[in-house]
Each structure stands twice: as structure tokens, then as C-alpha cells.
Amino acid sequence: MLKSDQRRLFHKFLILEMAVQSLQRDFPVIENLKMSKVYIRILEKLLKDTSHDYYNSKRLLAKEKIKLVKVEKIDEYFSDVYIATAGNDVVLRYANMALKTQVEKLLNQHLDKEI
């Protein structure tokens with residue numbers, strides 16, 4: 001079972017992981033744009049900052065003996081997130097649009113710090 005502070009920490013980690021994955025998937029698309037050199041610098045900086053937070057968050061979860069097992073898409077609206085803990089395994093259901101919105105919000109916050 002996850003305590004409320006562990007759940008918040010895991011949620012932050014999940015959003016960071018999804019942000020890192022999204023940024024990595026966007027690289028090939030950005031490389032094909034006319035102004036790719038400008039956009040790639042922005043994307044690299046954003047990826048560096050987000051990855052740093054991601055690894056710190058992952059380290060904190062490891063101390064709590066909490067690990068992401070997998071994310072399984074149920075349908076276009078929901079995904080189940082499987083979590084291994086010291087006591088037992090937990091499955092959390094997330095709304096896909098809510099996750100996407102939170103990832104966008106996180107990335108915009110990182111960009112706002114830079115500007």
C-alpha cells in the first residue's frame with residue numbers, strides 16, 4: 001500500500017518519466033523542421049532539466065522501495081499503472097488526458113524558468 005506522500009512522489013515521478021519519453025520521441029520530428037537548430041537547443045535543455053528531476057525522483061522512490069513495473073493502456077481514455085512496493089503491488093488507474101495535461105504543464109513550467 002502506498003502512503004499519501006509516497007503516492008505524491010510516485011505521481012511526480014510518473015509525470016517526469018512521461019515528459020522525458022515525450023521529449024525523446026519528439027527529437028526526430030524536430031530535426032526535420034527548417035529551424036531545427038534553434039528548436040533542438042530548446043528541446044535538449046528541456047530534456048536535460050527534466051531528466052535531472054526524473055533521476056532524482058527515481059532515486060527517492062528506490063529509497064522507499066517503490067518501482068514502476070509498467071503502464072498499460074486500457075483504452076483511449078484510461079491507463080493502468082502497475083507499481084511494485086515493499087509490501088505488495090499496487091495498480092493505479094489514470095485518465096490519459098489528465099496525464100497529458102500534467103506533462104504539458106510540467107514542461108511549460110520548466111520553460112518559464114528559462115525565459
# chains A, B, ... in the order shown; residues from 1 in each chain; ligands from 1
>>> select_by_dssp(residues="range 2-85 of chain A", states="alpha helix (DSSP H)", output="number ranges by chain")
A: 4-31, 36-63
>>> residues_around(residues="range 76-81 of chain A", least_positions_apart="2", cutoff="7 Å", atoms="only C-alpha atoms", output="number ranges by chain")
A: 70-74, 83, 91-96
>>> closest_residue(among="A:His52, A:His110, A:Leu47, A:Ala98", to="Gln21 in chain A", atoms="only C-alpha atoms")
A:Leu47
>>> closest_residue(among="A:Met1, A:Lys12, A:Asn32, A:Phe27", to="Asn56 in chain A", atoms="only C-alpha atoms")
A:Lys12
>>> closest_residue(among="A:Leu111, A:Ala84, A:Met18, A:Leu2", to="Leu99 in chain A", atoms="only C-alpha atoms")
A:Met18
>>> atom_distance(atom1="CA of Lys67 in chain A", atom2="CA of Leu14 in chain A")
10.5 Å
>>> residues_around(residues="Lys65 in chain A", least_positions_apart="5", cutoff="12 Å", atoms="only C-alpha atoms", output="VMD selection string")
chain A and resid 1 to 2 6 10 58 to 60 83 to 89
>>> write_last_selection(atoms="N, CA and C atoms", output="PDB file, in the first residue's frame")
ATOM      1  N   MET A   1       0.848  -1.192   0.000  1.00  0.00           N
ATOM      2  CA  MET A   1       0.000   0.000   0.000  1.00  0.00           C
ATOM      3  C   MET A   1       0.884   1.243   0.000  1.00  0.00           C
ATOM      4  N   LEU A   2       0.455   2.235  -0.733  1.00  0.00           N
ATOM      5  CA  LEU A   2       1.196   3.495  -0.801  1.00  0.00           C
ATOM      6  C   LEU A   2       0.613   4.508   0.179  1.00  0.00           C
ATOM      7  N   GLN A   6       4.033   8.983  -0.421  1.00  0.00           N
ATOM      8  CA  GLN A   6       4.639   8.104  -1.424  1.00  0.00           C
ATOM      9  C   GLN A   6       3.876   8.185  -2.748  1.00  0.00           C
ATOM     10  N   PHE A  10       5.365   9.279  -6.255  1.00  0.00           N
ATOM     11  CA  PHE A  10       5.259   8.419  -7.428  1.00  0.00           C
ATOM     12  C   PHE A  10       4.582   9.155  -8.580  1.00  0.00           C
ATOM     13  N   LYS A  58      13.394   9.243  -9.144  1.00  0.00           N
ATOM     14  CA  LYS A  58      13.544   7.781  -9.201  1.00  0.00           C
ATOM     15  C   LYS A  58      14.393   7.283  -8.028  1.00  0.00           C
ATOM     16  N   ARG A  59      15.420   8.045  -7.691  1.00  0.00           N
ATOM     17  CA  ARG A  59      16.281   7.695  -6.565  1.00  0.00           C
ATOM     18  C   ARG A  59      15.498   7.723  -5.248  1.00  0.00           C
ATOM     19  N   LEU A  60      14.653   8.743  -5.082  1.00  0.00           N
ATOM     20  CA  LEU A  60      13.836   8.834  -3.868  1.00  0.00           C
ATOM     21  C   LEU A  60      12.859   7.665  -3.771  1.00  0.00           C
ATOM     22  N   ILE A  83       2.630  -0.790  -9.972  1.00  0.00           N
ATOM     23  CA  ILE A  83       3.691  -0.344  -9.084  1.00  0.00           C
ATOM     24  C   ILE A  83       4.060  -1.485  -8.138  1.00  0.00           C
ATOM     25  N   ALA A  84       5.359  -1.731  -8.009  1.00  0.00           N
ATOM     26  CA  ALA A  84       5.840  -2.717  -7.040  1.00  0.00           C
ATOM     27  C   ALA A  84       6.323  -1.966  -5.802  1.00  0.00           C
ATOM     28  N   THR A  85       5.846  -2.396  -4.635  1.00  0.00           N
ATOM     29  CA  THR A  85       6.272  -1.802  -3.368  1.00  0.00           C
ATOM     30  C   THR A  85       6.837  -2.903  -2.481  1.00  0.00           C
ATOM     31  N   ALA A  86       7.395  -2.505  -1.359  1.00  0.00           N
ATOM     32  CA  ALA A  86       7.973  -3.483  -0.436  1.00  0.00           C
ATOM     33  C   ALA A  86       6.890  -4.424   0.110  1.00  0.00           C
ATOM     34  N   GLY A  87       5.701  -3.904   0.340  1.00  0.00           N
ATOM     35  CA  GLY A  87       4.621  -4.710   0.907  1.00  0.00           C
ATOM     36  C   GLY A  87       3.879  -5.526  -0.128  1.00  0.00           C
ATOM     37  N   ASN A  88       3.359  -4.858  -1.128  1.00  0.00           N
ATOM     38  CA  ASN A  88       2.604  -5.542  -2.167  1.00  0.00           C
ATOM     39  C   ASN A  88       2.561  -4.680  -3.421  1.00  0.00           C
ATOM     40  N   ASP A  89       1.997  -5.225  -4.463  1.00  0.00           N
ATOM     41  CA  ASP A  89       1.891  -4.471  -5.706  1.00  0.00           C
ATOM     42  C   ASP A  89       0.597  -3.672  -5.731  1.00  0.00           C
TER      43      ASP A  89
END
>>> atom_distance(atom1="CA of Gln24 in chain A", atom2="CA of Val38 in chain A")
16.4 Å
>>> select_by_dssp(residues="chain A", states="strand (DSSP E or B)", output="PDB file with N, CA, C and O atoms, in the first residue's frame")
ATOM      1  N   LYS A  67       8.765   0.904  -7.175  1.00  0.00           N
ATOM      2  CA  LYS A  67       9.255   0.804  -8.549  1.00  0.00           C
ATOM      3  C   LYS A  67       8.086   0.728  -9.526  1.00  0.00           C
ATOM      4  O   LYS A  67       7.104   0.024  -9.278  1.00  0.00           O
ATOM      5  N   LEU A  68       8.214   1.456 -10.629  1.00  0.00           N
ATOM      6  CA  LEU A  68       7.227   1.370 -11.704  1.00  0.00           C
ATOM      7  C   LEU A  68       7.465   0.065 -12.454  1.00  0.00           C
ATOM      8  O   LEU A  68       8.580  -0.206 -12.897  1.00  0.00           O
ATOM      9  N   VAL A  69       6.422  -0.749 -12.573  1.00  0.00           N
ATOM     10  CA  VAL A  69       6.533  -2.013 -13.291  1.00  0.00           C
ATOM     11  C   VAL A  69       6.179  -1.798 -14.757  1.00  0.00           C
ATOM     12  O   VAL A  69       6.968  -2.108 -15.642  1.00  0.00           O
ATOM     13  N   LYS A  70       4.993  -1.250 -15.006  1.00  0.00           N
ATOM     14  CA  LYS A  70       4.580  -0.981 -16.383  1.00  0.00           C
ATOM     15  C   LYS A  70       3.370  -0.069 -16.400  1.00  0.00           C
ATOM     16  O   LYS A  70       2.657   0.075 -15.418  1.00  0.00           O
ATOM     17  N   VAL A  71       3.181   0.538 -17.560  1.00  0.00           N
ATOM     18  CA  VAL A  71       1.991   1.341 -17.820  1.00  0.00           C
ATOM     19  C   VAL A  71       1.260   0.637 -18.949  1.00  0.00           C
ATOM     20  O   VAL A  71       1.823   0.398 -20.008  1.00  0.00           O
ATOM     21  N   GLU A  72       0.024   0.282 -18.706  1.00  0.00           N
ATOM     22  CA  GLU A  72      -0.767  -0.460 -19.684  1.00  0.00           C
ATOM     23  C   GLU A  72      -1.974   0.376 -20.096  1.00  0.00           C
ATOM     24  O   GLU A  72      -2.805   0.723 -19.264  1.00  0.00           O
ATOM     25  N   LYS A  73      -2.059   0.683 -21.376  1.00  0.00           N
ATOM     26  CA  LYS A  73      -3.175   1.469 -21.888  1.00  0.00           C
ATOM     27  C   LYS A  73      -4.419   0.581 -21.942  1.00  0.00           C
ATOM     28  O   LYS A  73      -4.426  -0.459 -22.600  1.00  0.00           O
ATOM     29  N   PHE A  78      -8.138   5.708 -20.586  1.00  0.00           N
ATOM     30  CA  PHE A  78      -7.519   5.336 -19.310  1.00  0.00           C
ATOM     31  C   PHE A  78      -6.319   4.417 -19.503  1.00  0.00           C
ATOM     32  O   PHE A  78      -6.245   3.654 -20.467  1.00  0.00           O
ATOM     33  N   SER A  79      -5.394   4.495 -18.525  1.00  0.00           N
ATOM     34  CA  SER A  79      -4.244   3.601 -18.458  1.00  0.00           C
ATOM     35  C   SER A  79      -4.094   3.122 -17.019  1.00  0.00           C
ATOM     36  O   SER A  79      -4.362   3.863 -16.069  1.00  0.00           O
ATOM     37  N   ASP A  80      -3.665   1.871 -16.872  1.00  0.00           N
ATOM     38  CA  ASP A  80      -3.345   1.327 -15.554  1.00  0.00           C
ATOM     39  C   ASP A  80      -1.841   1.393 -15.358  1.00  0.00           C
ATOM     40  O   ASP A  80      -1.068   1.067 -16.263  1.00  0.00           O
ATOM     41  N   VAL A  81      -1.444   1.811 -14.167  1.00  0.00           N
ATOM     42  CA  VAL A  81      -0.030   1.906 -13.821  1.00  0.00           C
ATOM     43  C   VAL A  81       0.239   0.876 -12.728  1.00  0.00           C
ATOM     44  O   VAL A  81      -0.374   0.916 -11.668  1.00  0.00           O
ATOM     45  N   TYR A  82       1.149  -0.057 -13.013  1.00  0.00           N
ATOM     46  CA  TYR A  82       1.486  -1.125 -12.085  1.00  0.00           C
ATOM     47  C   TYR A  82       2.734  -0.725 -11.302  1.00  0.00           C
ATOM     48  O   TYR A  82       3.761  -0.393 -11.891  1.00  0.00           O
ATOM     49  N   ILE A  83       2.630  -0.790  -9.972  1.00  0.00           N
ATOM     50  CA  ILE A  83       3.691  -0.344  -9.084  1.00  0.00           C
ATOM     51  C   ILE A  83       4.060  -1.485  -8.138  1.00  0.00           C
ATOM     52  O   ILE A  83       3.176  -2.113  -7.544  1.00  0.00           O
ATOM     53  N   ALA A  84       5.359  -1.731  -8.009  1.00  0.00           N
ATOM     54  CA  ALA A  84       5.840  -2.717  -7.040  1.00  0.00           C
ATOM     55  C   ALA A  84       6.323  -1.966  -5.802  1.00  0.00           C
ATOM     56  O   ALA A  84       7.073  -0.997  -5.905  1.00  0.00           O
ATOM     57  N   ASP A  89       1.997  -5.225  -4.463  1.00  0.00           N
ATOM     58  CA  ASP A  89       1.891  -4.471  -5.706  1.00  0.00           C
ATOM     59  C   ASP A  89       0.597  -3.672  -5.731  1.00  0.00           C
ATOM     60  O   ASP A  89      -0.407  -4.072  -5.139  1.00  0.00           O
ATOM     61  N   VAL A  90       0.653  -2.530  -6.424  1.00  0.00           N
ATOM     62  CA  VAL A  90      -0.487  -1.619  -6.489  1.00  0.00           C
ATOM     63  C   VAL A  90      -0.755  -1.307  -7.952  1.00  0.00           C
ATOM     64  O   VAL A  90       0.177  -1.193  -8.745  1.00  0.00           O
ATOM     65  N   VAL A  91      -2.035  -1.184  -8.294  1.00  0.00           N
ATOM     66  CA  VAL A  91      -2.419  -0.761  -9.637  1.00  0.00           C
ATOM     67  C   VAL A  91      -3.234   0.522  -9.498  1.00  0.00           C
ATOM     68  O   VAL A  91      -4.222   0.560  -8.762  1.00  0.00           O
ATOM     69  N   LEU A  92      -2.772   1.577 -10.174  1.00  0.00           N
ATOM     70  CA  LEU A  92      -3.483   2.854 -10.170  1.00  0.00           C
ATOM     71  C   LEU A  92      -4.007   3.121 -11.571  1.00  0.00           C
ATOM     72  O   LEU A  92      -3.313   2.866 -12.552  1.00  0.00           O
ATOM     73  N   ARG A  93      -5.209   3.633 -11.667  1.00  0.00           N
ATOM     74  CA  ARG A  93      -5.793   3.971 -12.965  1.00  0.00           C
ATOM     75  C   ARG A  93      -5.732   5.488 -13.146  1.00  0.00           C
ATOM     76  O   ARG A  93      -6.134   6.251 -12.277  1.00  0.00           O
ATOM     77  N   TYR A  94      -5.212   5.891 -14.300  1.00  0.00           N
ATOM     78  CA  TYR A  94      -5.079   7.311 -14.623  1.00  0.00           C
ATOM     79  C   TYR A  94      -5.851   7.616 -15.901  1.00  0.00           C
ATOM     80  O   TYR A  94      -5.902   6.789 -16.816  1.00  0.00           O
ATOM     81  N   ALA A  95      -6.396   8.823 -15.969  1.00  0.00           N
ATOM     82  CA  ALA A  95      -7.019   9.316 -17.197  1.00  0.00           C
ATOM     83  C   ALA A  95      -5.903   9.822 -18.112  1.00  0.00           C
ATOM     84  O   ALA A  95      -5.053  10.613 -17.684  1.00  0.00           O
TER      85      ALA A  95
END
>>> closest_residue(among="A:Ala62, A:Leu16, A:Leu107, A:Leu9", to="Lys45 in chain A", atoms="only C-alpha atoms")
A:Leu107
>>> residues_around(residues="Ile40 in chain A", least_positions_apart="5", cutoff="10 Å", atoms="only C-alpha atoms", output="list in words")
Asp26, Phe27, Pro28, Ile30, Glu31, Leu33, Met35, Lys45 and Leu46 of chain A
>>> closest_residue(among="A:Ala19, A:Leu61, A:Glu114, A:Phe13", to="Thr101 in chain A", atoms="only C-alpha atoms")
A:Ala19
>>> residues_around(residues="Glu17 in chain A", least_positions_apart="6", cutoff="9 Å", atoms="only C-alpha atoms", output="list in words")
Thr50, Ser51 and Tyr54 of chain A
>>> atom_distance(atom1="CA of Lys48 in chain A", atom2="CA of Lys34 in chain A")
23.0 Å
>>> decode(residues="range 41-78 of chain A", atoms="N, CA, C and O atoms", output="short mmCIF file (atom, residue, chain, number, x, y, z; two decimals), in the first residue's frame")
data_model
loop_
_atom_site.label_atom_id
_atom_site.label_comp_id
_atom_site.auth_asym_id
_atom_site.auth_seq_id
_atom_site.Cartn_x
_atom_site.Cartn_y
_atom_site.Cartn_z
N ARG A 41 18.06 22.97 -29.59
CA ARG A 41 18.69 23.51 -28.38
C ARG A 41 17.69 23.64 -27.24
O ARG A 41 17.99 23.32 -26.09
N ILE A 42 16.51 24.12 -27.57
CA ILE A 42 15.46 24.25 -26.55
C ILE A 42 15.07 22.88 -26.02
O ILE A 42 14.97 22.66 -24.81
N LEU A 43 14.88 21.94 -26.93
CA LEU A 43 14.48 20.58 -26.56
C LEU A 43 15.56 19.90 -25.73
O LEU A 43 15.25 19.23 -24.73
N GLU A 44 16.81 20.07 -26.09
CA GLU A 44 17.91 19.47 -25.33
C GLU A 44 17.98 20.01 -23.91
O GLU A 44 18.18 19.25 -22.95
N LYS A 45 17.83 21.32 -23.76
CA LYS A 45 17.86 21.94 -22.44
C LYS A 45 16.68 21.44 -21.59
O LYS A 45 16.85 21.10 -20.42
N LEU A 46 15.53 21.38 -22.21
CA LEU A 46 14.33 20.91 -21.52
C LEU A 46 14.50 19.45 -21.11
O LEU A 46 14.17 19.06 -19.99
N LEU A 47 15.05 18.65 -22.00
CA LEU A 47 15.28 17.23 -21.70
C LEU A 47 16.31 17.07 -20.59
O LEU A 47 16.13 16.23 -19.69
N LYS A 48 17.34 17.87 -20.61
CA LYS A 48 18.38 17.79 -19.57
C LYS A 48 17.80 18.11 -18.19
O LYS A 48 18.01 17.37 -17.23
N ASP A 49 17.06 19.21 -18.10
CA ASP A 49 16.46 19.61 -16.82
C ASP A 49 15.44 18.58 -16.33
O ASP A 49 15.43 18.22 -15.15
N THR A 50 14.60 18.12 -17.23
CA THR A 50 13.56 17.16 -16.87
C THR A 50 14.19 15.83 -16.47
O THR A 50 13.75 15.21 -15.50
N SER A 51 15.21 15.40 -17.19
CA SER A 51 15.89 14.13 -16.86
C SER A 51 16.54 14.20 -15.49
O SER A 51 16.52 13.23 -14.73
N HIS A 52 17.11 15.35 -15.16
CA HIS A 52 17.73 15.53 -13.85
C HIS A 52 16.69 15.34 -12.74
O HIS A 52 16.91 14.60 -11.77
N ASP A 53 15.54 15.98 -12.88
CA ASP A 53 14.46 15.84 -11.90
C ASP A 53 13.95 14.40 -11.86
O ASP A 53 13.64 13.86 -10.80
N TYR A 54 13.86 13.78 -13.04
CA TYR A 54 13.38 12.40 -13.16
C TYR A 54 14.28 11.45 -12.37
O TYR A 54 13.80 10.64 -11.58
N TYR A 55 15.60 11.55 -12.55
CA TYR A 55 16.51 10.65 -11.86
C TYR A 55 16.53 10.89 -10.36
O TYR A 55 16.66 9.94 -9.57
N ASN A 56 16.39 12.14 -9.95
CA ASN A 56 16.30 12.42 -8.51
C ASN A 56 15.04 11.79 -7.92
O ASN A 56 15.07 11.21 -6.83
N SER A 57 13.95 11.92 -8.63
CA SER A 57 12.68 11.35 -8.19
C SER A 57 12.76 9.82 -8.15
O SER A 57 12.27 9.19 -7.21
N LYS A 58 13.39 9.24 -9.14
CA LYS A 58 13.54 7.78 -9.20
C LYS A 58 14.39 7.28 -8.03
O LYS A 58 14.10 6.25 -7.43
N ARG A 59 15.42 8.05 -7.69
CA ARG A 59 16.28 7.69 -6.56
C ARG A 59 15.50 7.72 -5.25
O ARG A 59 15.63 6.83 -4.41
N LEU A 60 14.65 8.74 -5.08
CA LEU A 60 13.84 8.83 -3.87
C LEU A 60 12.86 7.66 -3.77
O LEU A 60 12.63 7.13 -2.69
N LEU A 61 12.29 7.26 -4.91
CA LEU A 61 11.39 6.11 -4.91
C LEU A 61 12.14 4.83 -4.55
O LEU A 61 11.60 3.97 -3.85
N ALA A 62 13.35 4.69 -5.05
CA ALA A 62 14.15 3.50 -4.76
C ALA A 62 14.42 3.40 -3.25
O ALA A 62 14.40 2.29 -2.69
N LYS A 63 14.64 4.53 -2.60
CA LYS A 63 14.84 4.53 -1.14
C LYS A 63 13.60 4.01 -0.43
O LYS A 63 13.70 3.38 0.61
N GLU A 64 12.43 4.30 -1.00
CA GLU A 64 11.15 3.86 -0.43
C GLU A 64 10.78 2.46 -0.90
O GLU A 64 9.71 1.95 -0.56
N LYS A 65 11.64 1.85 -1.72
CA LYS A 65 11.40 0.52 -2.30
C LYS A 65 10.12 0.50 -3.15
O LYS A 65 9.32 -0.42 -3.06
N ILE A 66 9.99 1.54 -3.97
CA ILE A 66 8.85 1.65 -4.88
C ILE A 66 9.38 1.70 -6.30
O ILE A 66 10.32 2.43 -6.59
N LYS A 67 8.77 0.90 -7.17
CA LYS A 67 9.26 0.80 -8.55
C LYS A 67 8.09 0.73 -9.53
O LYS A 67 7.10 0.02 -9.28
N LEU A 68 8.21 1.46 -10.63
CA LEU A 68 7.23 1.37 -11.70
C LEU A 68 7.46 0.06 -12.45
O LEU A 68 8.58 -0.21 -12.90
N VAL A 69 6.42 -0.75 -12.57
CA VAL A 69 6.53 -2.01 -13.29
C VAL A 69 6.18 -1.80 -14.76
O VAL A 69 6.97 -2.11 -15.64
N LYS A 70 4.99 -1.25 -15.01
CA LYS A 70 4.58 -0.98 -16.38
C LYS A 70 3.37 -0.07 -16.40
O LYS A 70 2.66 0.08 -15.42
N VAL A 71 3.18 0.54 -17.56
CA VAL A 71 1.99 1.34 -17.82
C VAL A 71 1.26 0.64 -18.95
O VAL A 71 1.82 0.40 -20.01
N GLU A 72 0.02 0.28 -18.71
CA GLU A 72 -0.77 -0.46 -19.68
C GLU A 72 -1.97 0.38 -20.10
O GLU A 72 -2.80 0.72 -19.26
N LYS A 73 -2.06 0.68 -21.38
CA LYS A 73 -3.17 1.47 -21.89
C LYS A 73 -4.42 0.58 -21.94
O LYS A 73 -4.43 -0.46 -22.60
N ILE A 74 -5.47 1.00 -21.25
CA ILE A 74 -6.71 0.25 -21.21
C ILE A 74 -7.52 0.53 -22.48
O ILE A 74 -7.97 -0.37 -23.17
N ASP A 75 -7.71 1.82 -22.74
CA ASP A 75 -8.40 2.27 -23.95
C ASP A 75 -7.91 3.69 -24.23
O ASP A 75 -6.91 4.11 -23.67
N GLU A 76 -8.62 4.41 -25.07
CA GLU A 76 -8.15 5.76 -25.41
C GLU A 76 -8.28 6.73 -24.24
O GLU A 76 -7.70 7.81 -24.27
N TYR A 77 -9.00 6.35 -23.20
CA TYR A 77 -9.27 7.27 -22.10
C TYR A 77 -8.47 6.98 -20.83
O TYR A 77 -8.19 7.89 -20.06
N PHE A 78 -8.14 5.71 -20.59
CA PHE A 78 -7.52 5.34 -19.31
C PHE A 78 -6.32 4.42 -19.50
O PHE A 78 -6.24 3.65 -20.47
#
